[in-house]
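Encoded as structure tokens, the structure appears first; notes follow it.
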Amino acid sequence: MTDPTPDDALNARHAEKMRKHKAAKDKMLAAKSADAGLLIVHTGAGKGKTSAALGMVFRHIAYEYPVGIVQFIKAPDWETGEAILLRRFPDLVTLHVMGEGFTWDTQDRARDMATARSAWERAKSMILDDRHRLVLLDELNIVLRYDYLPVNEVVAFLRDEKPADKHVVVTGRNAKPELVEIADLVTEMTLVKHPFRAGIKAQKGIEY
């Protein structure tokens, strides 16, 4: 019989640690409730807010769950990679690209407010319908940041009228504190480095 090696002792300690960790996790999971529709917010200065939200969209498509998407800033004449791909699933995806571009492009606050209102009304109808299991409100945070829609109105609807089983994902920088407060899941993307600061323009397949 060979003597235990230092690796044997290390492996035994690791196995015991993982056993206790699993027992704790199993106990925690047993106490969790059943399925529930989540209000999810992706915000922060870092890249990846819409990309992460689209990951959830693509998971829904994989399970053949219908999804709805309203894009508040992107304009219909913008050709983005996600729009090209999503249009391949017309039976599962309802996509409304309802913006007019960046606010510094339009330079017309009244028009931007009217555009935001139209997109919000469409978003509300999609959230309330029985078809879509998840609704993505892409860059709604930007609309709220510029007060194109009253934040209290949006928060009240998402808090009081969103169906209990409906997932809603909101993206964009500078999420309002009122929205963060009622959300179930909030992720803040942190900017560490970005190629734009080094003079590199937005890249097809990465940014759009």
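Convention: chains lettered A, B, ... in structure tokens order; per-chain residue numbering from 1; ligands numbered from 1 as shown.
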Give the strand (DSSP E or B) residues of region 120-173 of chain A, as DSSP finds them on the backbone, and put them as number ranges by chain. A: 134-138, 167-171
Write to file, as an mmCIF file, in the first residue's frame, the residues of the selection just made, with C-alpha atoms.
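For reference, part_26.cif as written:
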```cif
data_model
loop_
_atom_site.group_PDB
_atom_site.id
_atom_site.type_symbol
_atom_site.label_atom_id
_atom_site.label_comp_id
_atom_site.auth_asym_id
_atom_site.auth_seq_id
_atom_site.Cartn_x
_atom_site.Cartn_y
_atom_site.Cartn_z
ATOM 1 C CA LEU A 134 -39.937 37.702 -23.732
ATOM 2 C CA VAL A 135 -39.957 41.314 -24.911
ATOM 3 C CA LEU A 136 -36.717 43.222 -25.459
ATOM 4 C CA LEU A 137 -36.918 47.017 -25.152
ATOM 5 C CA ASP A 138 -33.627 47.911 -26.781
ATOM 6 C CA HIS A 167 -39.823 38.461 -19.254
ATOM 7 C CA VAL A 168 -38.931 42.049 -20.182
ATOM 8 C CA VAL A 169 -35.359 43.139 -20.905
ATOM 9 C CA VAL A 170 -34.387 46.825 -20.997
ATOM 10 C CA THR A 171 -31.032 47.975 -22.376
#
```
Residue contacts of Lys193 (chain A) (12 Å, only C-alpha atoms) excluding same-chain residues fewer than 3 positions away, as an NGL selection string: :A and (45-47 or 189-190 or 196-198)
Selected residue, from A:Gly99, A:Pro195, A:Pro163, A:Pro177, that lies nearest to Ala36 (chain A) when counting only C-alpha atoms: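 Looking at the shortest contact to Ala36 (chain A), the residue is A:Pro163.
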For His96 (chain A), list every protein, DNA or RNA residue within 12 Å, evaluated using only C-alpha atoms, and leave out those in the same chain fewer than 4 positions away; present the list as an NGL selection string. :A and (67-76 or 83 or 86-87 or 118-123 or 126 or 135-138)
Residues of region 31-113 of chain A in helix (DSSP H, G or I), written as a PyMOL selection string: chain A and resi 49-62+81-86+103-106+109-113
Only C-alpha atoms, please: the residues just picked out, written as a tab-separated table (two decimals), in the first residue's frame.
```
chain	number	residue	atom	x	y	z
A	49	LYS	CA	-25.75	45.45	-23.28
A	50	THR	CA	-27.81	44.69	-26.38
A	51	SER	CA	-25.57	41.76	-27.27
A	52	ALA	CA	-26.24	40.10	-23.90
A	53	ALA	CA	-29.96	40.74	-24.25
A	54	LEU	CA	-29.93	39.19	-27.72
A	55	GLY	CA	-28.34	36.10	-26.18
A	56	MET	CA	-31.56	35.64	-24.20
A	57	VAL	CA	-33.57	36.24	-27.36
A	58	PHE	CA	-31.64	33.53	-29.20
A	59	ARG	CA	-32.11	31.10	-26.31
A	60	HIS	CA	-35.86	31.66	-26.54
A	61	ILE	CA	-35.76	31.04	-30.27
A	62	ALA	CA	-33.86	27.80	-29.67
A	81	GLY	CA	-26.46	41.77	-37.99
A	82	GLU	CA	-29.13	40.98	-35.43
A	83	ALA	CA	-31.93	42.22	-37.68
A	84	ILE	CA	-30.64	40.12	-40.59
A	85	LEU	CA	-30.59	37.01	-38.42
A	86	LEU	CA	-33.84	37.64	-36.55
A	103	THR	CA	-30.44	61.94	-30.74
A	104	TRP	CA	-27.56	64.11	-31.98
A	105	ASP	CA	-28.51	63.19	-35.54
A	106	THR	CA	-32.15	64.21	-35.34
A	109	ARG	CA	-36.62	66.95	-29.40
A	110	ALA	CA	-40.30	67.09	-30.28
A	111	ARG	CA	-39.84	64.56	-33.06
A	112	ASP	CA	-37.74	62.32	-30.83
A	113	MET	CA	-40.45	62.42	-28.16
```
May I have the residues within 8 Å of region 145-153 of chain A as number ranges by chain, using only C-alpha atoms and disregarding those fewer than 3 positions away in the same chain? A: 109, 112-113, 116-117, 141-142, 156-157, 174-176, 178-179
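Within the 8 Å cut-off around Asp35 (chain A), using only C-alpha atoms and omitting residues fewer than 2 positions from it on the same chain, the listed residues are Ser33, Gly37 and Asp165 of chain A.
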Quick one, how far is CA of Ile40 (chain A) from CA of Leu185 (chain A)?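 One can read the CA of Ile40 (chain A) to CA of Leu185 (chain A) distance as 4.7 Å.
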Closest to Glu161 (chain A) among A:Leu10, A:Ile127, A:Ala114, A:Ala183, using only C-alpha atoms?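 Under the stated criterion, the closest residue is A:Ile127.
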